[in-house]
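Trainee: Below is the file structure18.pdb, with PDB, C-alpha atoms and all ligand atoms.
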ATOM      1  CA  MET A  18       0.000   0.000   0.000
ATOM      2  CA  VAL A  19       1.202   3.508  -0.815
ATOM      3  CA  LYS A  20       0.852   5.847   2.156
ATOM      4  CA  VAL A  21      -0.792   9.147   1.216
ATOM      5  CA  GLY A  22      -1.770  12.447   2.812
ATOM      6  CA  VAL A  23      -4.514  14.948   1.960
ATOM      7  CA  LEU A  24      -3.894  18.722   2.194
ATOM      8  CA  GLY A  25      -7.086  20.750   2.627
ATOM      9  CA  ALA A  26      -8.613  17.552   4.004
ATOM     10  CA  THR A  27     -11.546  19.237   5.770
ATOM     11  CA  GLY A  28     -12.807  21.060   2.623
ATOM     12  CA  MET A  29     -15.177  19.960  -0.138
ATOM     13  CA  VAL A  30     -12.489  18.606  -2.457
ATOM     14  CA  GLY A  31     -10.480  17.162   0.445
ATOM     15  CA  GLN A  32     -13.545  15.198   1.523
ATOM     16  CA  ARG A  33     -13.983  13.866  -2.005
ATOM     17  CA  PHE A  34     -10.331  12.749  -1.982
ATOM     18  CA  ILE A  35     -10.971  10.925   1.305
ATOM     19  CA  GLN A  36     -14.149   9.318  -0.049
ATOM     20  CA  LEU A  37     -12.226   8.041  -3.099
ATOM     21  CA  LEU A  38      -9.092   6.977  -1.229
ATOM     22  CA  ALA A  39     -10.629   5.328   1.856
ATOM     23  CA  ASP A  40     -11.367   1.921   0.284
ATOM     24  CA  HIS A  41      -8.786   2.146  -2.472
ATOM     25  CA  PRO A  42      -6.795  -1.080  -2.942
ATOM     26  CA  ASP A  43      -3.473   0.732  -3.502
ATOM     27  CA  PHE A  44      -3.561   3.672  -1.070
ATOM     28  CA  GLU A  45      -3.635   4.086   2.696
ATOM     29  CA  ILE A  46      -4.595   7.484   4.157
ATOM     30  CA  ALA A  47      -1.853   8.215   6.691
ATOM     31  CA  ALA A  48      -2.118  11.987   7.234
ATOM     32  CA  LEU A  49      -4.748  14.716   7.002
ATOM     33  CA  ALA A  50      -3.755  18.390   6.971
ATOM     34  CA  ALA A  51      -5.748  21.617   7.047
ATOM     35  CA  SER A  52      -5.464  25.105   8.555
ATOM     36  CA  GLY A  53      -4.600  26.056  12.130
ATOM     37  CA  ARG A  54      -8.379  26.178  12.764
ATOM     38  CA  SER A  55      -8.541  22.393  12.401
ATOM     39  CA  ALA A  56      -5.041  21.264  13.424
ATOM     40  CA  GLY A  57      -4.882  19.276  16.666
ATOM     41  CA  LYS A  58      -8.518  18.121  16.405
ATOM     42  CA  LYS A  59      -9.729  14.655  15.450
ATOM     43  CA  TYR A  60     -10.825  14.677  11.803
ATOM     44  CA  GLU A  61     -14.462  13.955  12.727
ATOM     45  CA  ASP A  62     -14.495  16.951  15.101
ATOM     46  CA  ALA A  63     -12.747  19.307  12.680
ATOM     47  CA  THR A  64     -14.967  18.513   9.689
ATOM     48  CA  THR A  65     -18.523  19.202   8.650
ATOM     49  CA  TRP A  66     -18.937  16.201   6.337
ATOM     50  CA  TYR A  67     -20.775  17.152   3.108
ATOM     51  CA  MET A  68     -20.427  13.958   1.082
ATOM     52  CA  ASN A  69     -23.430  11.752   0.297
ATOM     53  CA  SER A  70     -21.802   8.750   2.019
ATOM     54  CA  GLU A  71     -20.783   8.269   5.662
ATOM     55  CA  MET A  72     -17.416   9.612   6.776
ATOM     56  CA  PRO A  73     -15.066   6.584   6.491
ATOM     57  CA  GLU A  74     -14.322   4.967   9.880
ATOM     58  CA  SER A  75     -10.596   4.852   9.063
ATOM     59  CA  VAL A  76     -10.220   8.669   9.113
ATOM     60  CA  ARG A  77     -12.495   9.660  12.008
ATOM     61  CA  ASP A  78      -9.804   9.447  14.706
ATOM     62  CA  ILE A  79      -6.872  10.793  12.690
ATOM     63  CA  THR A  80      -5.554  14.001  14.278
ATOM     64  CA  VAL A  81      -5.479  16.810  11.708
ATOM     65  CA  ILE A  82      -2.028  18.386  11.314
ATOM     66  CA  GLU A  83      -0.920  21.838  10.141
ATOM     67  CA  THR A  84      -0.152  22.052   6.419
ATOM     68  CA  ASP A  85       3.578  21.974   6.966
ATOM     69  CA  PRO A  86       5.962  19.443   5.368
ATOM     70  CA  ALA A  87       7.907  19.187   8.631
ATOM     71  CA  GLN A  88       4.793  17.722  10.285
ATOM     72  CA  MET A  89       4.087  15.196   7.535
ATOM     73  CA  ASP A  90       4.807  11.505   8.215
ATOM     74  CA  LYS A  91       8.008  10.753   6.290
ATOM     75  CA  ASP A  92       6.562   7.402   5.109
ATOM     76  CA  VAL A  93       3.930   9.285   3.098
ATOM     77  CA  GLU A  94       4.803   9.158  -0.610
ATOM     78  CA  ILE A  95       2.011  11.219  -2.219
ATOM     79  CA  VAL A  96       0.073  14.218  -0.921
ATOM     80  CA  PHE A  97      -3.181  15.107  -2.678
ATOM     81  CA  SER A  98      -3.643  18.870  -2.439
ATOM     82  CA  SER A  99      -6.973  20.686  -2.370
ATOM     83  CA  LEU A 100      -5.733  23.921  -0.847
ATOM     84  CA  PRO A 101      -6.874  27.441  -1.742
ATOM     85  CA  ALA A 102      -4.724  28.614  -4.666
ATOM     86  CA  ASP A 103      -2.881  31.419  -2.840
ATOM     87  CA  PHE A 104      -1.757  29.123  -0.037
ATOM     88  CA  ALA A 105      -0.999  26.271  -2.457
ATOM     89  CA  ALA A 106       1.417  28.551  -4.334
ATOM     90  CA  LYS A 107       3.483  28.945  -1.164
ATOM     91  CA  VAL A 108       3.327  25.498   0.340
ATOM     92  CA  GLU A 109       3.175  23.001  -2.573
ATOM     93  CA  PRO A 110       6.798  23.735  -3.625
ATOM     94  CA  GLU A 111       7.852  23.154  -0.002
ATOM     95  CA  PHE A 112       6.152  19.734  -0.011
ATOM     96  CA  ALA A 113       7.693  18.875  -3.401
ATOM     97  CA  LYS A 114      11.154  18.884  -1.856
ATOM     98  CA  ASP A 115      10.313  15.483  -0.305
ATOM     99  CA  PHE A 116       6.870  14.354  -1.495
ATOM    100  CA  VAL A 117       4.949  13.804  -4.708
ATOM    101  CA  VAL A 118       2.274  16.520  -4.804
ATOM    102  CA  ALA A 119      -0.848  15.797  -6.884
ATOM    103  CA  SER A 120      -2.719  19.095  -6.885
ATOM    104  CA  ASN A 121      -6.272  20.172  -7.661
ATOM    105  CA  ALA A 122      -5.414  23.819  -6.960
ATOM    106  CA  SER A 123      -4.799  26.237  -9.836
ATOM    107  CA  ALA A 124      -1.638  27.864  -8.441
ATOM    108  CA  MET A 125       1.032  25.800 -10.213
ATOM    109  CA  ARG A 126      -0.836  24.640 -13.333
ATOM    110  CA  MET A 127       0.810  26.938 -15.882
ATOM    111  CA  LYS A 128       4.317  27.017 -14.343
ATOM    112  CA  LYS A 129       7.327  25.851 -16.315
ATOM    113  CA  ASP A 130       8.262  22.183 -15.823
ATOM    114  CA  ILE A 131       5.011  21.423 -13.926
ATOM    115  CA  PRO A 132       2.780  18.992 -15.811
ATOM    116  CA  LEU A 133      -0.871  19.958 -16.202
ATOM    117  CA  VAL A 134      -2.349  16.620 -17.205
ATOM    118  CA  ILE A 135      -5.501  14.842 -18.269
ATOM    119  CA  PRO A 136      -4.278  11.239 -18.595
ATOM    120  CA  GLU A 137      -6.432  10.571 -21.689
ATOM    121  CA  VAL A 138      -5.236  13.770 -23.419
ATOM    122  CA  ASN A 139      -1.577  14.545 -22.708
ATOM    123  CA  PRO A 140       0.188  11.885 -20.587
ATOM    124  CA  GLN A 141       3.431  12.775 -22.375
ATOM    125  CA  PHE A 142       3.599  16.010 -20.325
ATOM    126  CA  LEU A 143       4.658  13.825 -17.376
ATOM    127  CA  ASP A 144       8.065  13.627 -19.111
ATOM    128  CA  MET A 145       8.840  17.121 -17.772
ATOM    129  CA  ILE A 146       8.989  15.798 -14.184
ATOM    130  CA  GLU A 147      12.650  14.901 -14.538
ATOM    131  CA  ALA A 148      13.527  18.492 -15.519
ATOM    132  CA  GLN A 149      11.339  19.847 -12.699
ATOM    133  CA  GLN A 150      13.217  17.782 -10.116
ATOM    134  CA  LYS A 151      16.598  18.677 -11.559
ATOM    135  CA  ASN A 152      15.903  22.420 -11.917
ATOM    136  CA  ASN A 153      14.541  22.726  -8.360
ATOM    137  CA  ASN A 154      16.722  20.119  -6.710
ATOM    138  CA  TRP A 155      13.601  18.345  -5.420
ATOM    139  CA  ASP A 156      13.276  14.651  -4.513
ATOM    140  CA  GLY A 157       9.511  14.911  -5.018
ATOM    141  CA  PHE A 158       7.580  16.745  -7.730
ATOM    142  CA  ILE A 159       4.291  18.503  -8.485
ATOM    143  CA  VAL A 160       1.694  17.333 -10.978
ATOM    144  CA  THR A 161      -1.593  19.204 -11.460
ATOM    145  CA  ASN A 162      -5.035  18.620 -12.915
ATOM    146  CA  PRO A 163      -7.040  21.264 -14.783
ATOM    147  CA  ASN A 164     -10.076  23.329 -13.933
ATOM    148  CA  CYS A 165     -13.206  21.134 -13.870
ATOM    149  CA  SER A 166     -14.884  22.719 -16.918
ATOM    150  CA  THR A 167     -11.624  22.564 -18.842
ATOM    151  CA  ILE A 168     -11.411  18.787 -18.347
ATOM    152  CA  ALA A 169     -14.798  18.102 -19.979
ATOM    153  CA  LEU A 170     -14.107  20.531 -22.830
ATOM    154  CA  THR A 171     -10.620  19.216 -23.589
ATOM    155  CA  LEU A 172     -11.628  15.545 -23.542
ATOM    156  CA  THR A 173     -14.233  16.416 -26.179
ATOM    157  CA  LEU A 174     -11.935  18.559 -28.310
ATOM    158  CA  LYS A 175      -8.960  16.175 -28.316
ATOM    159  CA  PRO A 176     -10.175  13.726 -31.037
ATOM    160  CA  ILE A 177     -11.537  16.615 -33.123
ATOM    161  CA  TYR A 178      -8.240  18.499 -32.853
ATOM    162  CA  ASP A 179      -6.178  15.416 -33.738
ATOM    163  CA  ASN A 180      -8.288  14.396 -36.739
ATOM    164  CA  PHE A 181      -9.688  17.613 -38.217
ATOM    165  CA  ASN A 182      -7.867  20.558 -36.576
ATOM    166  CA  ILE A 183      -9.786  23.455 -34.982
ATOM    167  CA  ASN A 184     -10.013  27.116 -35.995
ATOM    168  CA  ARG A 185     -12.224  28.650 -33.343
ATOM    169  CA  ILE A 186     -14.195  27.528 -30.262
ATOM    170  CA  TYR A 187     -16.936  29.336 -28.354
ATOM    171  CA  VAL A 188     -17.921  27.618 -25.123
ATOM    172  CA  SER A 189     -20.586  28.497 -22.554
ATOM    173  CA  THR A 190     -20.800  26.775 -19.185
ATOM    174  CA  MET A 191     -23.535  26.413 -16.591
ATOM    175  CA  GLN A 192     -21.658  25.464 -13.433
ATOM    176  CA  ALA A 193     -23.010  23.992 -10.213
ATOM    177  CA  VAL A 194     -22.555  25.747  -6.866
ATOM    178  CA  SER A 195     -20.392  22.874  -5.496
ATOM    179  CA  GLY A 196     -17.592  24.119  -7.752
ATOM    180  CA  ALA A 197     -17.188  27.183  -5.542
ATOM    181  CA  GLY A 198     -16.826  25.181  -2.307
ATOM    182  CA  TYR A 199     -19.289  25.071   0.605
ATOM    183  CA  ASN A 200     -19.002  28.759   1.475
ATOM    184  CA  GLY A 201     -18.566  29.819  -2.139
ATOM    185  CA  VAL A 202     -21.865  31.300  -3.393
ATOM    186  CA  PRO A 203     -24.310  32.982  -0.983
ATOM    187  CA  SER A 204     -27.783  31.416  -1.236
ATOM    188  CA  MET A 205     -29.327  34.892  -1.670
ATOM    189  CA  ALA A 206     -27.223  35.378  -4.801
ATOM    190  CA  ILE A 207     -28.043  32.091  -6.519
ATOM    191  CA  LEU A 208     -31.574  30.961  -5.561
ATOM    192  CA  ASP A 209     -33.987  31.786  -8.432
ATOM    193  CA  ASN A 210     -31.036  33.284 -10.268
ATOM    194  CA  LEU A 211     -28.096  32.809 -12.612
ATOM    195  CA  VAL A 212     -24.770  34.474 -11.873
ATOM    196  CA  PRO A 213     -23.471  35.420 -15.323
ATOM    197  CA  TYR A 214     -19.762  35.610 -14.530
ATOM    198  CA  ILE A 215     -17.349  33.488 -12.460
ATOM    199  CA  GLY A 216     -14.198  35.434 -11.682
ATOM    200  CA  GLY A 217     -11.046  33.895 -13.194
ATOM    201  CA  GLU A 218     -12.900  30.877 -14.645
ATOM    202  CA  GLU A 219     -13.051  32.056 -18.265
ATOM    203  CA  GLU A 220      -9.331  32.858 -18.332
ATOM    204  CA  LYS A 221      -8.510  29.412 -16.889
ATOM    205  CA  MET A 222     -10.654  27.598 -19.471
ATOM    206  CA  GLU A 223      -9.076  29.530 -22.324
ATOM    207  CA  SER A 224      -5.413  29.199 -21.286
ATOM    208  CA  GLU A 225      -5.532  25.664 -19.832
ATOM    209  CA  THR A 226      -7.319  24.131 -22.844
ATOM    210  CA  LEU A 227      -4.749  25.500 -25.317
ATOM    211  CA  HIS A 228      -1.946  24.385 -22.989
ATOM    212  CA  LEU A 229      -3.328  20.812 -22.657
ATOM    213  CA  LEU A 230      -3.753  20.431 -26.429
ATOM    214  CA  GLY A 231      -0.312  21.941 -27.025
ATOM    215  CA  SER A 232       2.908  20.153 -27.847
ATOM    216  CA  LEU A 233       6.181  19.743 -26.026
ATOM    217  CA  ASP A 234       9.294  21.452 -27.339
ATOM    218  CA  GLY A 235      11.895  20.001 -24.988
ATOM    219  CA  ASP A 236      10.456  20.904 -21.585
ATOM    220  CA  GLU A 237       8.450  23.881 -22.896
ATOM    221  CA  VAL A 238       4.760  23.671 -23.772
ATOM    222  CA  VAL A 239       3.828  25.262 -27.089
ATOM    223  CA  PRO A 240       0.065  25.987 -26.740
ATOM    224  CA  ALA A 241      -2.383  24.842 -29.418
ATOM    225  CA  ASN A 242      -2.934  27.505 -32.037
ATOM    226  CA  PHE A 243      -6.670  28.245 -32.263
ATOM    227  CA  SER A 244      -8.870  30.884 -30.690
ATOM    228  CA  LEU A 245     -11.090  29.988 -27.751
ATOM    229  CA  SER A 246     -13.670  32.182 -26.087
ATOM    230  CA  ALA A 247     -15.327  31.020 -22.857
ATOM    231  CA  SER A 248     -18.268  32.463 -20.939
ATOM    232  CA  CYS A 249     -18.867  30.858 -17.553
ATOM    233  CA  HIS A 250     -22.085  31.074 -15.544
ATOM    234  CA  ARG A 251     -23.078  29.850 -12.079
ATOM    235  CA  VAL A 252     -26.491  28.133 -11.893
ATOM    236  CA  PRO A 253     -28.629  26.951  -8.941
ATOM    237  CA  VAL A 254     -27.670  23.264  -9.229
ATOM    238  CA  ILE A 255     -25.817  21.434  -6.430
ATOM    239  CA  ASP A 256     -23.480  19.168  -8.433
ATOM    240  CA  GLY A 257     -22.576  18.725 -12.085
ATOM    241  CA  HIS A 258     -21.590  21.279 -14.700
ATOM    242  CA  THR A 259     -23.134  21.607 -18.179
ATOM    243  CA  GLU A 260     -21.289  23.135 -21.135
TER
HETATM  244  N1  LIG B 301     -14.921  22.724  -5.260
HETATM  245  C1  LIG B 301     -14.576  22.158  -6.397
HETATM  246  O1  LIG B 301     -15.383  21.504  -7.102
HETATM  247  C2  LIG B 301     -13.174  22.260  -6.896
HETATM  248  C3  LIG B 301     -12.871  21.556  -8.008
HETATM  249  C4  LIG B 301     -11.577  21.568  -8.443
HETATM  250  C5  LIG B 301     -10.623  22.279  -7.769
HETATM  251  N2  LIG B 301     -10.927  22.979  -6.694
HETATM  252  C6  LIG B 301      -9.864  23.685  -5.981
HETATM  253  O2  LIG B 301      -9.561  22.937  -4.797
HETATM  254  C7  LIG B 301      -9.226  23.853  -3.760
HETATM  255  C8  LIG B 301     -10.159  23.627  -2.564
HETATM  256  O3  LIG B 301     -11.503  23.865  -2.924
HETATM  257  P1  LIG B 301     -12.688  23.499  -1.907
HETATM  258  O4  LIG B 301     -13.945  23.739  -2.652
HETATM  259  O5  LIG B 301     -12.439  22.158  -1.308
HETATM  260  O6  LIG B 301     -12.473  24.623  -0.750
HETATM  261  P2  LIG B 301     -12.948  24.600   0.773
HETATM  262  O7  LIG B 301     -14.161  23.722   0.931
HETATM  263  O8  LIG B 301     -13.029  26.013   1.180
HETATM  264  O9  LIG B 301     -11.714  23.882   1.573
HETATM  265  C9  LIG B 301     -10.481  24.519   1.749
HETATM  266  C10 LIG B 301      -9.538  23.609   2.530
HETATM  267  O10 LIG B 301      -8.265  24.263   2.634
HETATM  268  C11 LIG B 301      -7.945  24.470   4.023
HETATM  269  N3  LIG B 301      -7.313  25.782   4.184
HETATM  270  C12 LIG B 301      -7.851  27.003   3.953
HETATM  271  N4  LIG B 301      -6.951  27.979   4.221
HETATM  272  C13 LIG B 301      -5.822  27.346   4.643
HETATM  273  C14 LIG B 301      -4.553  27.789   5.112
HETATM  274  N5  LIG B 301      -4.229  29.093   5.166
HETATM  275  N6  LIG B 301      -3.657  26.855   5.499
HETATM  276  C15 LIG B 301      -3.937  25.534   5.432
HETATM  277  N7  LIG B 301      -5.136  25.043   5.004
HETATM  278  C16 LIG B 301      -6.057  25.949   4.624
HETATM  279  C17 LIG B 301      -9.265  24.397   4.773
HETATM  280  O11 LIG B 301      -8.988  24.006   6.118
HETATM  281  P3  LIG B 301      -9.917  24.490   7.362
HETATM  282  O12 LIG B 301     -11.170  23.651   7.332
HETATM  283  O13 LIG B 301      -9.055  24.157   8.547
HETATM  284  O14 LIG B 301     -10.183  25.940   7.193
HETATM  285  C18 LIG B 301      -9.986  23.316   3.955
HETATM  286  O15 LIG B 301      -9.512  22.044   4.346
HETATM  287  C19 LIG B 301      -9.311  25.261  -4.356
HETATM  288  O16 LIG B 301      -8.033  25.642  -4.817
HETATM  289  C20 LIG B 301     -10.279  25.059  -5.515
HETATM  290  O17 LIG B 301     -10.123  26.017  -6.537
HETATM  291  C21 LIG B 301     -12.186  22.982  -6.222
END
Write the structure described by the file as C-alpha cells, please.
Ligand SMILES: NC(=O)c1ccc[n+]([C@@H]2O[C@H](COP(=O)([O-])OP(=O)(O)OC[C@H]3O[C@@H](n4cnc5c(N)ncnc54)[C@H](OP(=O)(O)O)[C@@H]3O)[C@@H](O)[C@H]2O)c1
Mentor:
Amino acid sequence: MVKVGVLGATGMVGQRFIQLLADHPDFEIAALAASGRSAGKKYEDATTWYMNSEMPESVRDITVIETDPAQMDKDVEIVFSSLPADFAAKVEPEFAKDFVVASNASAMRMKKDIPLVIPEVNPQFLDMIEAQQKNNNWDGFIVTNPNCSTIALTLTLKPIYDNFNINRIYVSTMQAVSGAGYNGVPSMAILDNLVPYIGGEEEKMESETLHLLGSLDGDEVVPANFSLSASCHRVPVIDGHTE
C-alpha cells in the first residue's frame, strides 16, 4: 500500500479525496492536513462532512495536522492537495522537496516544468517531471489537474483536434454551486437566479485548454494555435456542470 496524505482535508475537495481513497486497494490514508483552525482536532471533530456517504471509519480518529511538510509523516509518498490557490502557491513547492504533490489547486498549473495533465489527453507532459526535479533540486515533484470545466471541454476537443484541426471555439458553461466550495456562493445570490460571470474561470478555461492540447518542445509547452472564447455562468444546481 502507498501511504498518502490529503492537504485541505476538511474542505469539499479534500472530503472527495478521502471518499475516493478510503477503500482504495493501492492507497492508505496516513495523514490529514488543514489550517490552524482544524489542526490538533480529530478529523471527525474538525470537519462538517458534506459527502453523500458516511465519513469513512478509518479517518475519524486521525488528528489533523498543520499544512507543513515538517509535520508530515516521512513514510507518506504522495500528498493530494486541495488547498486554496494562494496558499498552495506557497506550500506546494515546499512539499515537493520530499513528497509527490498531486494538486487540484490552480496555483502551479501553468508554471514551467510542472505537468498539467488529463491522462487521456496529454500523458506525455509527465516527461517534464525529470527536468522539474533537476531544476529545483527536489526529490519529489508537483503534478496538477485542470479546472473542472476545462477537463470536460478538452476531452471532447482532443479527437476533433487530432483528426480535423480546430479554428475557433466558443464555449458556454452552466456550473453547479459545489464548484465554488461550501461557502462559495451565498444562497441569496443564486436561488432563483443565474450568476453570469465566475471570476477567473473564463481565463482558466481559455489558457488551460490550449496548454493541454499543445505540444512539447523540450520541456516547454507550445500551446495549441486556435482561438477559444469562454463564458462561464453559475447556476442553482448542487453538483454537475453543463457546457
Ligand atoms: N470545489 C470544487 O469543485 C473544486 C474543483 C476543483 C478544484 N478545486 C480547488 O480545490 C481547492 C479547494 O476547494 P474546496 O472547494 O475544497 O475549498 P474549501 O471547501 O473552502 O476547503 C479549503 C480547505 O483548505 C484548508 N485551508 C484554507 N486555508 C488554509 C490555510 N491558510 N492553510 C492551510 N489550510 C487551509 C481548509 O482548512 P480548514 O477547514 O481548517 O479551514 C480546507 O480544508 C481550491 O483551490 C479550488 O479552486 C475545487
Trainee: Between A:Lys91, A:Arg185, A:His250, A:Lys58, which has the minimum distance to ligand LIG 301 (chain B) (counting only C-alpha atoms and all ligand atoms)?
Mentor: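 With only C-alpha atoms and all ligand atoms as the atom set, the closest residue is A:Lys58.
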Trainee: Could you list, as JSON, numbers by chain, all residues that come within 7 Å of ligand LIG 301 (chain B)? Count only C-alpha atoms and all ligand atoms.
Mentor: {"A": [24, 25, 26, 27, 28, 29, 30, 31, 51, 52, 53, 54, 55, 56, 64, 83, 84, 99, 100, 101, 102, 104, 121, 122, 123, 164, 165, 195, 196, 197, 198, 199, 200]}
Trainee: Suppose a student applies the PyMOL selection byres (((chain A and resi 187) around 7) and not hetatm) to this structure; what residues should they get, written as a list of chain:residue names?
Mentor: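 Going through the file, the PyMOL selection byres (((chain A and resi 187) around 7) and not hetatm) ends up selecting A:Arg185, A:Ile186, A:Val188, A:Ser189, A:Leu245, A:Ser246, A:Ala247.
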Trainee: Considering all atoms listed in the file, state which residue in the set A:Ile146, A:Leu49, A:Val194, A:Leu230 is at the smallest distance from Leu172 in chain A.
Mentor: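 Result for the nearest residue to Leu172 in chain A: A:Leu230.
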Trainee: Taking 6 positions as the minimum chain separation for residues in the same chain, which residues sit within 12 Å of Lys151 in chain A when counting all atoms listed in the file? Answer as a PDB file with C-alpha atoms, in the coordinates of the input.
Mentor:
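Output file out_15.pdb follows:
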ATOM      1  CA  LYS A 114      11.154  18.884  -1.856  1.00  0.00           C
ATOM      2  CA  ASP A 130       8.262  22.183 -15.823  1.00  0.00           C
ATOM      3  CA  MET A 145       8.840  17.121 -17.772  1.00  0.00           C
ATOM      4  CA  GLY A 157       9.511  14.911  -5.018  1.00  0.00           C
ATOM      5  CA  PHE A 158       7.580  16.745  -7.730  1.00  0.00           C
ATOM      6  CA  ASP A 236      10.456  20.904 -21.585  1.00  0.00           C
TER       7      ASP A 236
END
Trainee: Residues proximal to (5.5, 19.1, 2.2) were defined as those with any atom within 8 Å of that point in the file's coordinates, counting all atoms listed in the file. Which are they, as a count of residues only?
Mentor: 15
Trainee: Which residues come within 7 Å of Lys20 in chain A, counting only C-alpha atoms, excluding same-chain residues fewer than 2 positions away, as a list in words?
Mentor: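 Final neighbour list, sorted by chain and number: Met18, Phe44, Glu45, Ile46, Ala47, Asp92, Val93 and Glu94 of chain A.
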Trainee: Restricting the calculation to only C-alpha atoms, which member of A:His258, A:Arg251, A:His228, A:Arg33 is positioned closest to Met72 in chain A?
Mentor: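 Closest to Met72 in chain A, using only C-alpha atoms: A:Arg33.
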Trainee: Nearest residue to Gln36 in chain A out of A:Asp62, A:Glu74, A:Glu260, A:Asp90, using only C-alpha atoms?
Mentor: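 So, comparing all the options, the nearest one is A:Glu74.
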Trainee: Just checking: using only C-alpha atoms, which residue out of A:Asp144, A:Glu137, A:Asp234, A:Glu219 ends up closest to Thr173 in chain A?
Mentor: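 Closest candidate: A:Glu137.
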Trainee: So that I can see what lies close to Ile168 in chain A, please list as a list in words the residues with an atom at most 10 Å from it, counting only C-alpha atoms and leaving out residues fewer than 2 positions away in the same chain.
Mentor: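 Here the answer would be Val134, Ile135, Val138, Asn162, Pro163, Asn164, Cys165, Ser166, Leu170, Thr171, Leu172, Thr173, Leu174, Met222, Glu225, Thr226 and Leu229 of chain A.
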Trainee: Nearest residue to Glu223 in chain A out of A:Asn184, A:Thr161, A:Thr259, A:Thr167, using only C-alpha atoms?
Mentor: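 Once distances to Glu223 in chain A are computed over only C-alpha atoms, the minimum belongs to A:Thr167.
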Trainee: Separation of CA of Leu38 in chain A and CA of Phe97 in chain A, in Å?
Mentor: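 These atoms are spaced 10.2 Å apart.
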Trainee: For the file shown, report as a VMD selection string the outcome of the PyMOL selection byres (((chain A and resi 211) around 6) and not hetatm) at residue level.
Mentor: chain A and resid 210 212 to 213 251 to 252
Trainee: Using CA of Phe181 in chain A and CA of Val239 in chain A as the two end points, give the distance in Å to one decimal.
Mentor: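 Taking CA of Phe181 in chain A as the start and CA of Val239 in chain A as the end point, the length is 19.1 Å.
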Trainee: Could you give me the axis-aligned bounding box of range 173-182 of chain A, with 3 Å of padding per side, as centre plus edge lengths in Å to one decimal, as lines of an AutoDock Vina configuration file?
Mentor:
center_x = -10.2
center_y = 17.1
center_z = -32.2
size_x = 14.1
size_y = 12.8
size_z = 18.0
Trainee: Just to confirm, what's the straight-line distance from CA of Gln32 in chain A to CA of Ser248 in chain A in Å (one decimal)?
Mentor: 28.7 Å
Trainee: In the coordinates of the file, take the point (1.6, 17.8, -14.9) and a cut-off of 6 Å; then, counting all atoms listed in the file, name each qualifying protein, DNA or RNA residue as a list in words.
Mentor: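 It turns out the residues near that spot are Ile131, Pro132, Leu133, Val134, Leu143, Val160 and Thr161 of chain A.
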